[in-house]
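Q: Before anything else, here's the structure in question.
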2 protein chains.
Amino acid sequence: MATIRDVAKLAGVSVATVSRVLNQNGYVNEDTEKRVKKAIEQLNYKPNEVARTLFKKTSKTIGLIVPDISNPFFPELVRAVEDVMNIYDYTVILCNSDEKSEKEKQYIGILKQKYVDGIILTTNQLESDEVLELGVPVVVLDRPSMHSFPSVIADNYGGARLATRHLYDIGCRKIAHIQGPTHVVNAMERFRGYRDEMQELGLWNEQLIIQGNYQLKQAKEATLRALQEHKMDGIFAGNDAMAVGALKAVQQLGLRVPEDVAIIGYDGIPLTEMTTPELSTISQPIYEMGAIAARILVKKIEAKPLEQLHYVLPVKLVERQSTQRRGTR
Amino acid sequence: MATIRDVAKLAGVSVATVSRVLNQNGYVNEDTEKRVKKAIEQLNYKPNEVARTLFKKTSKTIGLIVPDISNPFFPELVRAVEDVMNIYDYTVILCNSDEKSEKEKQYIGILKQKYVDGIILTTNQLESDEVLELGVPVVVLDRPSMHSFPSVIADNYGGARLATRHLYDIGCRKIAHIQGPTHVVNAMERFRGYRDEMQELGLWNEQLIIQGNYQLKQAKEATLRALQEHKMDGIFAGNDAMAVGALKAVQQLGLRVPEDVAIIGYDGIPLTEMTTPELSTISQPIYEMGAIAARILVKKIEAKPLEQLHYVLPVKLVERQSTQRRGTR
DNA sequence: TTGAAAGCGCTAACAT
DNA sequence: ATGTTAGCGCTTTCAA
């Protein structure tokens, strides 16, 4: 690999001059510039990013910490971040935290040692934010930001109301909610939305709450039990995986979806189109969330002003077969 | 951030000594070692990885190039790579190539400028391997390796025969195959397996080949057409997404799965458990593929000998409802 | 056993 | 407009 010295020698100039043409800073004679460029070409010279980083303390690299890339919510988010970062010539280090604040801390340490220019943090947990008091630009994604970090989330509360209301609109009156883990803020926001809407509709009934943990299997079993104990004609699941679980439970009991029980999920991940019947869901603008977070981070890195600190993106009701309007009731 | 000089000063020794205790190389007096360690602790000193990289030309970072992380086959693979690399203290830069050899080339260039210690390349395309003649350890994942790069793939040919045979075993005689893109080597291997098995069974018939492109939608439409033109009682899809497409097509025509048409997919991604009926599939050891590739790469980086250059991992038939044995025929 | 010094490849003052 | 030099933070000879 050629170095800047090689180029300088070949072009018959000093390294400073080569550096000047590389970084387009300072004055340099047209002729010399041409010579230098030719030498660069000839040697196929590419500046050593590491040396650059050491000097400039900026690595054109960011860290992206997600709980688990194999959770189907995240691939699209990660893709969006990567796409946008790529445009700005940043490279993305991917870290899976498994929601463990210890792993998160460890990664943050490593990322700093590598001089990453910024970090995007995606986590359902809170806590451990002390770790972040440490001088790297941070954007918080898919969870409310505690401190003054910029954040990007979707409207969980509103989405939950939307889902609940939709079930009501198609005729459901006994609407159950499969709740996500209670320590997950987003899940609690969705619960709040469900509760408020139900209360407003005068349908609120604690018996209709099903405890879930975001997993298909557990949701299926919990739903199976719930269906045998209580009557219900609609289920709003706190995420799509649990909606599939509910679907399987309902079908297993020989009930029809949507005729006997309508089901709606939350997130809008691709698998909702793969089930039979296809699942209605509240779709979050996943790609956009990632893209915005990335753009904000770039702005922070470049010390440009942000138009907005906290983004709450709107969600959308996606009506599919699992909540197909039934006649009158 | 404290530097090694700060530590040296505080401990009253030279930087060389500090470096010695950090890297456990060379001799150092027990007492001094203690003093140095204490100073490190007090200042919470973490060596600057960038400076280290510049000197040692090794970054404890690898590049992972995948076509598209949002394709459901890859998250688990990526997760596996990250998990293993994490154990060996490597960090992973994620790159999405979209199968474009141009993007691939560009990324490889960037990765080298960052002194990555190695690259894992996951791609269905061939070509552009010239790019790799360039001195970074490379492991090729999920595609056959052209050159002398180590590679990790699953047994596509065998898996396809297995799938075909399974359909035969449950009584199917008109077994169609939805083929993946013809430029994708793995898809062609699966096709070969299907063809050979069918020929051996004396059931081969070109009419039963359905052209797919790995996408659900296109597969659904192609299957819809095929079902109207030819009789068939079994479908072997070249991947799981297309199997879902086939499932939807069959159901849309009012036929029953598996009674009228049995369906089996390929890959074993999680969504196969989410459909109704659940899809049989040939499951690839996705996590293991990623993990092995990562371990091989580490060995190459550390210049240790590989036990094996090309890994072809076995696949497994997963029987679910979509190929539930029907009585006799 | 320890320290001094050179240098990894680059950039940015400061001179000229 | 260009060159000289110091230094980013670390590691490794080489000397002591």
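All residue names refer to the structure tokens as shown: chains lettered A, B, ... in order, residues numbered from 1 in each chain, ligands numbered from 1 in order.
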Got a sec to pull out which chain A residues are within 10 Å of chain D, counting only C-alpha atoms (C1' of nucleotides), and send them as a list in words?
A: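 Contact residues on the first chain: Val13, Ser14, Val15, Ala16, Thr17, Gly26, Tyr27, Val28, Asn29, Thr32, Ala51, Arg52, Thr53, Leu54, Phe55, Lys56 and Lys57 of chain A.
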Q: Using only C-alpha atoms, tabulate the residues of chain A lying at most 6 Å from any atom of chain B, each with its closest atom pair and that distance in Å to one decimal, by chain and increasing residue number, as a Markdown table.
A:
| residue | atom | partner | partner_atom | distance |
| --- | --- | --- | --- | --- |
| A:Asn48 | CA | B:Gln113 | CA | 5.4 |
| A:Glu49 | CA | B:Gln113 | CA | 5.3 |
| A:Val50 | CA | B:Lys114 | CA | 5.8 |
| A:Leu54 | CA | B:Val50 | CA | 5.9 |
| A:Ile69 | CA | B:Pro75 | CA | 5.7 |
| A:Ser70 | CA | B:Pro75 | CA | 4.7 |
| A:Pro75 | CA | B:Ser70 | CA | 4.7 |
| A:Glu76 | CA | B:Ser70 | CA | 5.2 |
| A:Val92 | CA | B:Ile93 | CA | 5.5 |
| A:Ile93 | CA | B:Ile93 | CA | 4.3 |
| A:Leu94 | CA | B:Val92 | CA | 6.0 |
| A:Gln113 | CA | B:Glu49 | CA | 5.4 |
| A:Lys114 | CA | B:Glu49 | CA | 5.4 |
| A:Thr275 | CA | B:Thr275 | CA | 4.6 |
| A:Thr276 | CA | B:Thr276 | CA | 5.7 |
Q: Quick one: which chain C residues come within 9 Å of chain A, and what is the nearest atom pair for each with the distance in Å to one decimal, counting only C-alpha atoms (C1' of nucleotides), rows ordered by chain and ascending number, as CSV?
A:
residue,atom,partner,partner_atom,distance
C:DC8,C1',A:Ala51,CA,8.0
C:DG9,C1',A:Ala51,CA,5.1
C:DC10,C1',A:Ala51,CA,5.1
C:DT11,C1',A:Phe55,CA,6.8
Q: Least-squares superpose chain B on chain A across all ordered C-alpha pairs, then write out what you get as a compact mmCIF listing (two decimals) with C-alpha atoms, in the first residue's frame.
A:
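And here's part19.txt as it stands now:
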# COMPACT_ATOMS: atom_id res chain seq x y z
CA MET B 1 -0.05 0.00 -0.04
CA ALA B 2 1.31 3.33 -1.10
CA THR B 3 1.72 6.05 1.49
CA ILE B 4 1.56 9.76 1.18
CA ARG B 5 5.37 9.84 1.11
CA ASP B 6 5.45 7.67 -1.96
CA VAL B 7 3.08 10.03 -3.67
CA ALA B 8 5.11 13.04 -2.60
CA LYS B 9 8.31 11.50 -3.86
CA LEU B 10 6.82 10.52 -7.20
CA ALA B 11 5.30 13.94 -7.69
CA GLY B 12 8.45 15.67 -6.53
CA VAL B 13 6.73 17.65 -3.80
CA SER B 14 6.47 17.60 -0.04
CA VAL B 15 3.96 15.52 1.82
CA ALA B 16 2.36 18.72 3.02
CA THR B 17 1.49 19.59 -0.52
CA VAL B 18 0.02 16.21 -1.18
CA SER B 19 -2.04 16.56 1.94
CA ARG B 20 -3.21 19.93 0.74
CA VAL B 21 -4.52 18.59 -2.51
CA LEU B 22 -6.08 15.62 -0.75
CA ASN B 23 -7.97 17.78 1.66
CA GLN B 24 -8.48 20.70 -0.64
CA ASN B 25 -7.16 23.03 1.97
CA GLY B 26 -4.54 25.71 1.60
CA TYR B 27 -3.23 27.01 -1.65
CA VAL B 28 -1.59 24.88 -4.25
CA ASN B 29 -0.42 25.67 -7.72
CA GLU B 30 -2.50 24.22 -10.51
CA ASP B 31 0.42 22.46 -12.13
CA THR B 32 1.60 20.85 -8.93
CA GLU B 33 -1.92 19.81 -8.20
CA LYS B 34 -2.05 18.02 -11.51
CA ARG B 35 1.25 16.30 -10.91
CA VAL B 36 0.13 15.20 -7.49
CA LYS B 37 -3.17 13.89 -8.74
CA LYS B 38 -1.40 11.94 -11.41
CA ALA B 39 0.94 10.42 -8.88
CA ILE B 40 -2.02 9.49 -6.69
CA GLU B 41 -3.65 7.81 -9.62
CA GLN B 42 -0.52 6.00 -10.69
CA LEU B 43 0.11 4.58 -7.27
CA ASN B 44 -3.56 4.02 -6.66
CA TYR B 45 -3.02 5.78 -3.41
CA LYS B 46 -5.73 5.76 -0.76
CA PRO B 47 -5.10 7.69 2.40
CA ASN B 48 -4.75 5.61 5.50
CA GLU B 49 -7.89 6.27 7.46
CA VAL B 50 -6.39 5.11 10.70
CA ALA B 51 -3.59 7.63 10.63
CA ARG B 52 -6.09 10.27 9.75
CA THR B 53 -8.31 9.24 12.60
CA LEU B 54 -5.47 9.34 15.05
CA PHE B 55 -4.73 12.88 14.15
CA LYS B 56 -8.20 14.23 13.62
CA LYS B 57 -9.95 12.23 16.30
CA THR B 58 -12.78 11.47 14.00
CA SER B 59 -13.17 8.08 12.43
CA LYS B 60 -16.04 8.31 9.99
CA THR B 61 -17.46 5.42 11.91
CA ILE B 62 -20.46 5.20 14.19
CA GLY B 63 -21.68 2.57 16.58
CA LEU B 64 -25.17 1.15 16.34
CA ILE B 65 -26.33 -0.72 19.40
CA VAL B 66 -29.45 -2.82 19.03
CA PRO B 67 -30.89 -5.41 21.40
CA ASP B 68 -30.81 -8.22 18.88
CA ILE B 69 -30.58 -8.00 15.14
CA SER B 70 -32.41 -11.28 14.79
CA ASN B 71 -35.51 -9.77 16.29
CA PRO B 72 -37.47 -8.97 13.13
CA PHE B 73 -38.12 -5.41 14.12
CA PHE B 74 -34.49 -4.41 13.80
CA PRO B 75 -33.16 -5.45 10.42
CA GLU B 76 -35.04 -2.73 8.63
CA LEU B 77 -34.00 -0.17 11.20
CA VAL B 78 -30.39 -1.17 10.87
CA ARG B 79 -30.62 -1.13 7.14
CA ALA B 80 -31.95 2.41 7.21
CA VAL B 81 -29.15 3.59 9.45
CA GLU B 82 -26.57 1.96 7.27
CA ASP B 83 -28.05 3.41 4.10
CA VAL B 84 -28.04 6.96 5.39
CA MET B 85 -24.65 6.68 7.01
CA ASN B 86 -23.24 5.34 3.81
CA ILE B 87 -24.35 8.47 2.02
CA TYR B 88 -22.36 10.58 4.43
CA ASP B 89 -19.36 8.27 4.16
CA TYR B 90 -19.73 6.79 7.58
CA THR B 91 -19.32 3.18 8.36
CA VAL B 92 -21.43 1.33 10.93
CA ILE B 93 -20.26 -0.95 13.71
CA LEU B 94 -23.09 -3.21 14.75
CA CYS B 95 -23.48 -4.27 18.37
CA ASN B 96 -26.06 -6.60 19.91
CA SER B 97 -26.73 -5.73 23.52
CA ASP B 98 -29.45 -8.27 24.34
CA GLU B 99 -30.93 -5.46 26.42
CA LYS B 100 -28.20 -6.06 28.97
CA SER B 101 -26.94 -2.78 30.26
CA GLU B 102 -23.65 -4.45 31.02
CA LYS B 103 -23.08 -5.44 27.42
CA GLU B 104 -24.21 -2.01 26.39
CA LYS B 105 -21.66 -0.40 28.64
CA GLN B 106 -18.92 -2.66 27.41
CA TYR B 107 -19.68 -1.81 23.81
CA ILE B 108 -19.80 1.88 24.49
CA GLY B 109 -16.36 1.61 26.00
CA ILE B 110 -14.98 -0.23 22.99
CA LEU B 111 -16.61 2.17 20.58
CA LYS B 112 -15.01 5.09 22.29
CA GLN B 113 -11.62 3.48 22.22
CA LYS B 114 -12.09 3.30 18.48
CA TYR B 115 -12.94 6.98 18.30
CA VAL B 116 -16.38 6.45 16.82
CA ASP B 117 -17.91 9.75 15.91
CA GLY B 118 -21.27 8.91 17.40
CA ILE B 119 -23.57 6.22 18.69
CA ILE B 120 -27.14 5.27 17.94
CA LEU B 121 -28.68 3.47 20.83
CA THR B 122 -31.75 1.32 20.42
CA THR B 123 -32.99 -0.28 23.54
CA ASN B 124 -36.17 -0.91 25.39
CA GLN B 125 -34.57 -0.62 28.76
CA LEU B 126 -33.83 2.56 30.55
CA GLU B 127 -31.05 2.88 33.12
CA SER B 128 -27.36 2.90 32.49
CA ASP B 129 -27.55 6.29 30.97
CA GLU B 130 -24.75 7.38 33.21
CA VAL B 131 -22.60 5.62 30.71
CA LEU B 132 -23.48 8.20 28.20
CA GLU B 133 -22.32 11.22 30.12
CA LEU B 134 -19.21 10.85 28.16
CA GLY B 135 -18.76 13.12 25.26
CA VAL B 136 -19.79 11.14 22.18
CA PRO B 137 -22.81 12.34 20.27
CA VAL B 138 -25.65 9.95 20.93
CA VAL B 139 -29.06 9.51 19.40
CA VAL B 140 -31.61 7.39 21.13
CA LEU B 141 -33.84 5.32 18.89
CA ASP B 142 -37.12 3.59 19.67
CA ARG B 143 -37.18 4.57 23.27
CA PRO B 144 -37.92 7.83 25.02
CA SER B 145 -34.81 9.76 25.86
CA MET B 146 -34.16 10.47 29.47
CA HIS B 147 -31.65 13.16 29.17
CA SER B 148 -30.98 15.68 26.57
CA PHE B 149 -30.12 13.20 23.87
CA PRO B 150 -32.06 13.56 20.67
CA SER B 151 -34.53 10.74 20.25
CA VAL B 152 -36.67 9.17 17.60
CA ILE B 153 -39.68 7.11 18.49
CA ALA B 154 -43.05 6.31 17.03
CA ASP B 155 -46.33 7.26 18.61
CA ASN B 156 -46.95 4.21 20.71
CA TYR B 157 -49.74 5.69 22.74
CA GLY B 158 -51.62 7.00 19.74
CA GLY B 159 -51.09 3.80 17.81
CA ALA B 160 -52.56 1.77 20.61
CA ARG B 161 -55.63 3.97 20.74
CA LEU B 162 -55.93 3.65 17.01
CA ALA B 163 -55.79 -0.14 17.16
CA THR B 164 -58.31 -0.33 19.96
CA ARG B 165 -60.62 2.07 18.27
CA HIS B 166 -60.39 0.15 15.04
CA LEU B 167 -61.53 -3.02 16.75
CA TYR B 168 -64.39 -1.08 18.23
CA ASP B 169 -65.30 0.36 14.87
CA ILE B 170 -65.64 -3.03 13.26
CA GLY B 171 -67.97 -4.09 16.00
CA CYS B 172 -65.86 -5.56 18.78
CA ARG B 173 -66.99 -4.86 22.33
CA LYS B 174 -64.90 -7.24 24.39
CA ILE B 175 -61.47 -6.21 23.34
CA ALA B 176 -58.53 -7.89 25.00
CA HIS B 177 -54.98 -6.60 25.04
CA ILE B 178 -51.89 -8.76 25.07
CA GLN B 179 -49.45 -6.65 26.89
CA GLY B 180 -45.70 -6.56 26.30
CA PRO B 181 -43.15 -6.79 29.11
CA THR B 182 -43.90 -4.30 31.85
CA HIS B 183 -40.34 -3.02 31.97
CA VAL B 184 -40.46 -1.99 28.35
CA VAL B 185 -41.51 1.60 28.03
CA ASN B 186 -42.99 1.26 24.58
CA ALA B 187 -45.10 -1.65 25.71
CA MET B 188 -46.41 0.38 28.60
CA GLU B 189 -47.26 3.27 26.35
CA ARG B 190 -49.26 0.93 24.19
CA PHE B 191 -51.00 -0.38 27.23
CA ARG B 192 -51.85 3.16 28.31
CA GLY B 193 -53.30 3.89 24.92
CA TYR B 194 -55.42 0.77 25.07
CA ARG B 195 -56.61 1.55 28.56
CA ASP B 196 -57.52 5.14 27.87
CA GLU B 197 -59.39 4.26 24.73
CA MET B 198 -61.27 1.48 26.44
CA GLN B 199 -62.22 3.70 29.32
CA GLU B 200 -63.42 6.37 27.01
CA LEU B 201 -65.52 3.81 25.19
CA GLY B 202 -66.87 2.56 28.49
CA LEU B 203 -65.52 -0.92 27.79
CA TRP B 204 -62.70 -1.05 30.25
CA ASN B 205 -62.32 -4.32 32.07
CA GLU B 206 -59.16 -5.50 33.75
CA GLN B 207 -60.02 -9.09 33.04
CA LEU B 208 -59.27 -8.47 29.41
CA ILE B 209 -55.59 -7.86 29.95
CA ILE B 210 -53.39 -10.72 28.90
CA GLN B 211 -49.81 -10.75 30.07
CA GLY B 212 -47.33 -11.29 27.25
CA ASN B 213 -43.59 -10.99 26.84
CA TYR B 214 -43.36 -10.10 23.16
CA GLN B 215 -42.86 -13.76 22.25
CA LEU B 216 -45.14 -15.75 20.00
CA LYS B 217 -45.22 -18.90 22.06
CA GLN B 218 -45.95 -17.39 25.40
CA ALA B 219 -48.62 -15.17 23.86
CA LYS B 220 -50.26 -18.15 22.27
CA GLU B 221 -50.49 -20.00 25.53
CA ALA B 222 -51.65 -17.01 27.49
CA THR B 223 -54.29 -16.33 24.88
CA LEU B 224 -55.42 -19.94 24.94
CA ARG B 225 -56.00 -19.65 28.65
CA ALA B 226 -57.67 -16.28 28.42
CA LEU B 227 -60.04 -17.42 25.70
CA GLN B 228 -61.27 -20.21 27.88
CA GLU B 229 -61.84 -17.96 30.85
CA HIS B 230 -63.38 -14.90 29.30
CA LYS B 231 -65.44 -14.05 26.31
CA MET B 232 -63.74 -11.75 23.86
CA ASP B 233 -64.35 -10.72 20.30
CA GLY B 234 -61.24 -8.71 19.57
CA ILE B 235 -57.59 -8.88 20.50
CA PHE B 236 -55.07 -6.10 20.28
CA ALA B 237 -51.58 -7.55 20.62
CA GLY B 238 -48.68 -5.41 21.78
CA ASN B 239 -46.54 -6.58 18.88
CA ASP B 240 -46.85 -8.64 15.73
CA ALA B 241 -45.23 -11.78 17.05
CA MET B 242 -47.78 -11.94 19.84
CA ALA B 243 -50.55 -11.30 17.33
CA VAL B 244 -49.46 -14.40 15.49
CA GLY B 245 -49.54 -16.26 18.78
CA ALA B 246 -53.06 -15.05 19.39
CA LEU B 247 -54.03 -16.04 15.88
CA LYS B 248 -52.77 -19.54 16.42
CA ALA B 249 -54.56 -19.79 19.74
CA VAL B 250 -57.86 -18.66 18.30
CA GLN B 251 -57.57 -21.01 15.37
CA GLN B 252 -56.60 -23.88 17.60
CA LEU B 253 -59.84 -23.47 19.53
CA GLY B 254 -61.76 -23.72 16.31
CA LEU B 255 -62.78 -20.08 16.28
CA ARG B 256 -62.68 -18.02 13.14
CA VAL B 257 -60.61 -14.90 12.53
CA PRO B 258 -62.00 -12.32 12.08
CA GLU B 259 -65.59 -13.55 12.37
CA ASP B 260 -65.43 -14.73 15.96
CA VAL B 261 -62.36 -12.90 17.12
CA ALA B 262 -60.69 -10.06 15.29
CA ILE B 263 -56.98 -9.57 15.79
CA ILE B 264 -54.67 -6.66 15.30
CA GLY B 265 -50.94 -6.56 15.89
CA TYR B 266 -48.40 -3.80 16.32
CA ASP B 267 -45.19 -2.91 14.47
CA GLY B 268 -45.95 -3.74 10.88
CA ILE B 269 -43.13 -6.17 10.26
CA PRO B 270 -43.24 -8.16 7.04
CA LEU B 271 -44.49 -11.38 8.54
CA THR B 272 -47.92 -9.87 9.10
CA GLU B 273 -48.49 -10.36 5.41
CA MET B 274 -47.52 -13.99 5.55
CA THR B 275 -50.13 -15.35 7.89
CA THR B 276 -53.53 -16.64 6.93
CA PRO B 277 -55.55 -14.57 7.35
CA GLU B 278 -53.18 -11.68 6.88
CA LEU B 279 -52.83 -9.64 10.02
CA SER B 280 -54.00 -6.11 10.50
CA THR B 281 -51.42 -4.12 12.36
CA ILE B 282 -50.29 -0.70 13.41
CA SER B 283 -47.36 -0.06 11.21
CA GLN B 284 -44.48 1.98 12.46
CA PRO B 285 -42.35 3.82 9.93
CA ILE B 286 -39.41 1.63 10.80
CA TYR B 287 -37.15 2.61 7.95
CA GLU B 288 -37.88 6.25 8.44
CA MET B 289 -37.14 6.01 12.13
CA GLY B 290 -33.72 4.64 11.40
CA ALA B 291 -33.08 7.13 8.64
CA ILE B 292 -34.04 10.11 10.76
CA ALA B 293 -31.94 8.92 13.67
CA ALA B 294 -28.99 8.60 11.35
CA ARG B 295 -29.46 12.05 9.89
CA ILE B 296 -29.77 13.58 13.32
CA LEU B 297 -26.60 11.89 14.40
CA VAL B 298 -24.74 13.24 11.42
CA LYS B 299 -25.96 16.71 12.25
CA LYS B 300 -24.82 16.37 15.82
CA ILE B 301 -21.45 15.10 14.71
CA GLU B 302 -21.05 18.01 12.38
CA ALA B 303 -22.20 20.29 15.15
CA LYS B 304 -25.03 21.61 13.09
CA PRO B 305 -28.20 22.76 14.79
CA LEU B 306 -31.09 20.30 15.03
CA GLU B 307 -34.49 21.51 13.98
CA GLN B 308 -36.02 19.29 16.56
CA LEU B 309 -34.73 17.29 19.49
CA HIS B 310 -37.39 14.66 19.98
CA TYR B 311 -39.15 13.08 17.06
CA VAL B 312 -42.39 11.21 17.58
CA LEU B 313 -43.35 9.73 14.24
CA PRO B 314 -46.94 8.94 13.34
CA VAL B 315 -48.06 5.38 12.93
CA LYS B 316 -50.56 3.98 10.51
CA LEU B 317 -53.42 1.55 10.71
CA VAL B 318 -53.00 -1.25 8.20
CA GLU B 319 -56.27 -3.08 7.68
CA ARG B 320 -56.01 -6.63 6.54
CA GLN B 321 -58.12 -9.75 6.71
CA SER B 322 -57.79 -10.33 10.43
CA THR B 323 -60.03 -7.35 11.13
CA GLN B 324 -62.15 -7.44 8.01
CA ARG B 325 -65.35 -5.60 8.85
CA ARG B 326 -68.09 -7.98 9.67
CA GLY B 327 -71.67 -6.97 8.98
CA THR B 328 -73.63 -5.46 11.83
CA ARG B 329 -73.58 -6.84 15.29
Q: Among region 187-295 of chain A, which ones does DSSP assign to helix (DSSP H, G or I) (computed from the backbone)? Answer as a PyMOL selection string.
A: chain A and resi 187-201+206-208+216-229+240-252+270-273+286-295
Q: Among the residues of region 10-232 of chain B, find those DSSP assigns to strand (DSSP E or B) from the backbone and print them as a compact mmCIF listing (two decimals) with N, CA, C and O atoms, in the first residue's frame.
A:
# COMPACT_ATOMS: atom_id res chain seq x y z
N THR B 61 -11.00 -5.33 14.19
CA THR B 61 -12.27 -5.03 13.53
C THR B 61 -12.35 -5.85 12.25
O THR B 61 -11.35 -6.03 11.58
N ILE B 62 -13.51 -6.37 11.96
CA ILE B 62 -13.67 -7.06 10.68
C ILE B 62 -14.85 -6.45 9.94
O ILE B 62 -15.71 -5.79 10.52
N GLY B 63 -14.86 -6.69 8.64
CA GLY B 63 -15.98 -6.23 7.83
C GLY B 63 -16.89 -7.41 7.51
O GLY B 63 -16.42 -8.51 7.25
N LEU B 64 -18.18 -7.18 7.56
CA LEU B 64 -19.14 -8.22 7.20
C LEU B 64 -20.03 -7.66 6.10
O LEU B 64 -20.79 -6.72 6.34
N ILE B 65 -19.89 -8.22 4.93
CA ILE B 65 -20.67 -7.72 3.80
C ILE B 65 -21.80 -8.68 3.49
O ILE B 65 -21.57 -9.85 3.18
N VAL B 66 -23.01 -8.21 3.63
CA VAL B 66 -24.17 -9.03 3.30
C VAL B 66 -24.97 -8.31 2.20
O VAL B 66 -24.83 -7.11 2.03
N THR B 91 -14.66 -6.40 16.57
CA THR B 91 -15.83 -5.58 16.38
C THR B 91 -16.22 -5.72 14.91
O THR B 91 -15.38 -5.97 14.07
N VAL B 92 -17.51 -5.61 14.61
CA VAL B 92 -17.98 -5.91 13.25
C VAL B 92 -18.56 -4.69 12.55
O VAL B 92 -19.49 -4.06 13.05
N ILE B 93 -18.01 -4.38 11.40
CA ILE B 93 -18.59 -3.33 10.56
C ILE B 93 -19.54 -3.98 9.57
O ILE B 93 -19.14 -4.88 8.83
N LEU B 94 -20.78 -3.54 9.59
CA LEU B 94 -21.79 -4.16 8.73
C LEU B 94 -21.96 -3.38 7.44
O LEU B 94 -22.11 -2.16 7.45
N CYS B 95 -21.95 -4.09 6.32
CA CYS B 95 -22.12 -3.45 5.03
C CYS B 95 -23.21 -4.17 4.22
O CYS B 95 -23.20 -5.39 4.15
N ASN B 96 -24.10 -3.41 3.63
CA ASN B 96 -25.12 -3.98 2.76
C ASN B 96 -24.76 -3.74 1.31
O ASN B 96 -24.68 -2.61 0.87
N GLY B 118 -9.97 -8.51 8.64
CA GLY B 118 -10.51 -9.54 7.76
C GLY B 118 -11.89 -9.18 7.29
O GLY B 118 -12.49 -8.22 7.78
N ILE B 119 -12.38 -9.95 6.34
CA ILE B 119 -13.69 -9.66 5.76
C ILE B 119 -14.46 -10.96 5.58
O ILE B 119 -13.91 -11.97 5.13
N ILE B 120 -15.71 -10.93 5.97
CA ILE B 120 -16.60 -12.05 5.66
C ILE B 120 -17.56 -11.58 4.58
O ILE B 120 -18.21 -10.55 4.73
N LEU B 121 -17.60 -12.34 3.52
CA LEU B 121 -18.33 -11.91 2.35
C LEU B 121 -19.48 -12.87 2.10
O LEU B 121 -19.28 -14.06 1.89
N THR B 122 -20.68 -12.33 2.09
CA THR B 122 -21.87 -13.14 1.89
C THR B 122 -22.61 -12.62 0.69
O THR B 122 -23.10 -11.50 0.71
N VAL B 138 -10.01 -13.31 3.93
CA VAL B 138 -11.41 -13.28 3.53
C VAL B 138 -12.02 -14.66 3.76
O VAL B 138 -11.38 -15.67 3.50
N VAL B 139 -13.24 -14.68 4.24
CA VAL B 139 -13.99 -15.92 4.28
C VAL B 139 -15.28 -15.70 3.51
O VAL B 139 -15.93 -14.66 3.66
N VAL B 140 -15.61 -16.66 2.68
CA VAL B 140 -16.78 -16.53 1.85
C VAL B 140 -17.91 -17.35 2.47
O VAL B 140 -17.71 -18.51 2.84
N LEU B 141 -19.05 -16.71 2.62
CA LEU B 141 -20.14 -17.34 3.37
C LEU B 141 -21.37 -17.46 2.49
O LEU B 141 -21.75 -16.50 1.81
N SER B 151 -14.48 -21.21 2.66
CA SER B 151 -15.90 -20.93 2.44
C SER B 151 -16.76 -21.79 3.36
O SER B 151 -16.35 -22.87 3.79
N VAL B 152 -17.93 -21.28 3.63
CA VAL B 152 -18.90 -22.02 4.43
C VAL B 152 -20.24 -21.96 3.72
O VAL B 152 -20.78 -20.87 3.51
N ILE B 153 -20.74 -23.09 3.33
CA ILE B 153 -22.07 -23.12 2.73
C ILE B 153 -22.84 -24.30 3.31
O ILE B 153 -22.28 -25.13 4.02
N ALA B 154 -24.11 -24.35 2.99
CA ALA B 154 -24.90 -25.51 3.38
C ALA B 154 -25.10 -26.37 2.13
O ALA B 154 -24.84 -25.93 1.01
N ILE B 175 -44.68 -33.14 -8.72
CA ILE B 175 -44.00 -32.22 -7.82
C ILE B 175 -43.39 -31.06 -8.58
O ILE B 175 -42.49 -31.25 -9.40
N ALA B 176 -43.89 -29.88 -8.33
CA ALA B 176 -43.37 -28.69 -9.00
C ALA B 176 -42.23 -28.09 -8.19
O ALA B 176 -42.09 -28.34 -7.00
N HIS B 177 -41.42 -27.32 -8.88
CA HIS B 177 -40.33 -26.61 -8.18
C HIS B 177 -40.38 -25.14 -8.56
O HIS B 177 -40.38 -24.78 -9.73
N ILE B 178 -40.45 -24.30 -7.53
CA ILE B 178 -40.32 -22.86 -7.79
C ILE B 178 -38.86 -22.52 -7.63
O ILE B 178 -38.30 -22.60 -6.54
N GLN B 179 -38.32 -22.13 -8.74
CA GLN B 179 -36.89 -21.95 -8.84
C GLN B 179 -36.50 -20.53 -8.42
O GLN B 179 -37.21 -19.58 -8.71
N ILE B 209 -41.60 -26.85 -13.73
CA ILE B 209 -40.69 -25.83 -13.22
C ILE B 209 -41.36 -24.47 -13.25
O ILE B 209 -41.87 -24.04 -14.28
N ILE B 210 -41.37 -23.82 -12.12
CA ILE B 210 -41.96 -22.49 -12.03
C ILE B 210 -40.83 -21.50 -11.79
O ILE B 210 -39.98 -21.72 -10.93
N GLN B 211 -40.84 -20.43 -12.56
CA GLN B 211 -39.74 -19.48 -12.43
C GLN B 211 -40.04 -18.49 -11.31
O GLN B 211 -41.04 -17.79 -11.35
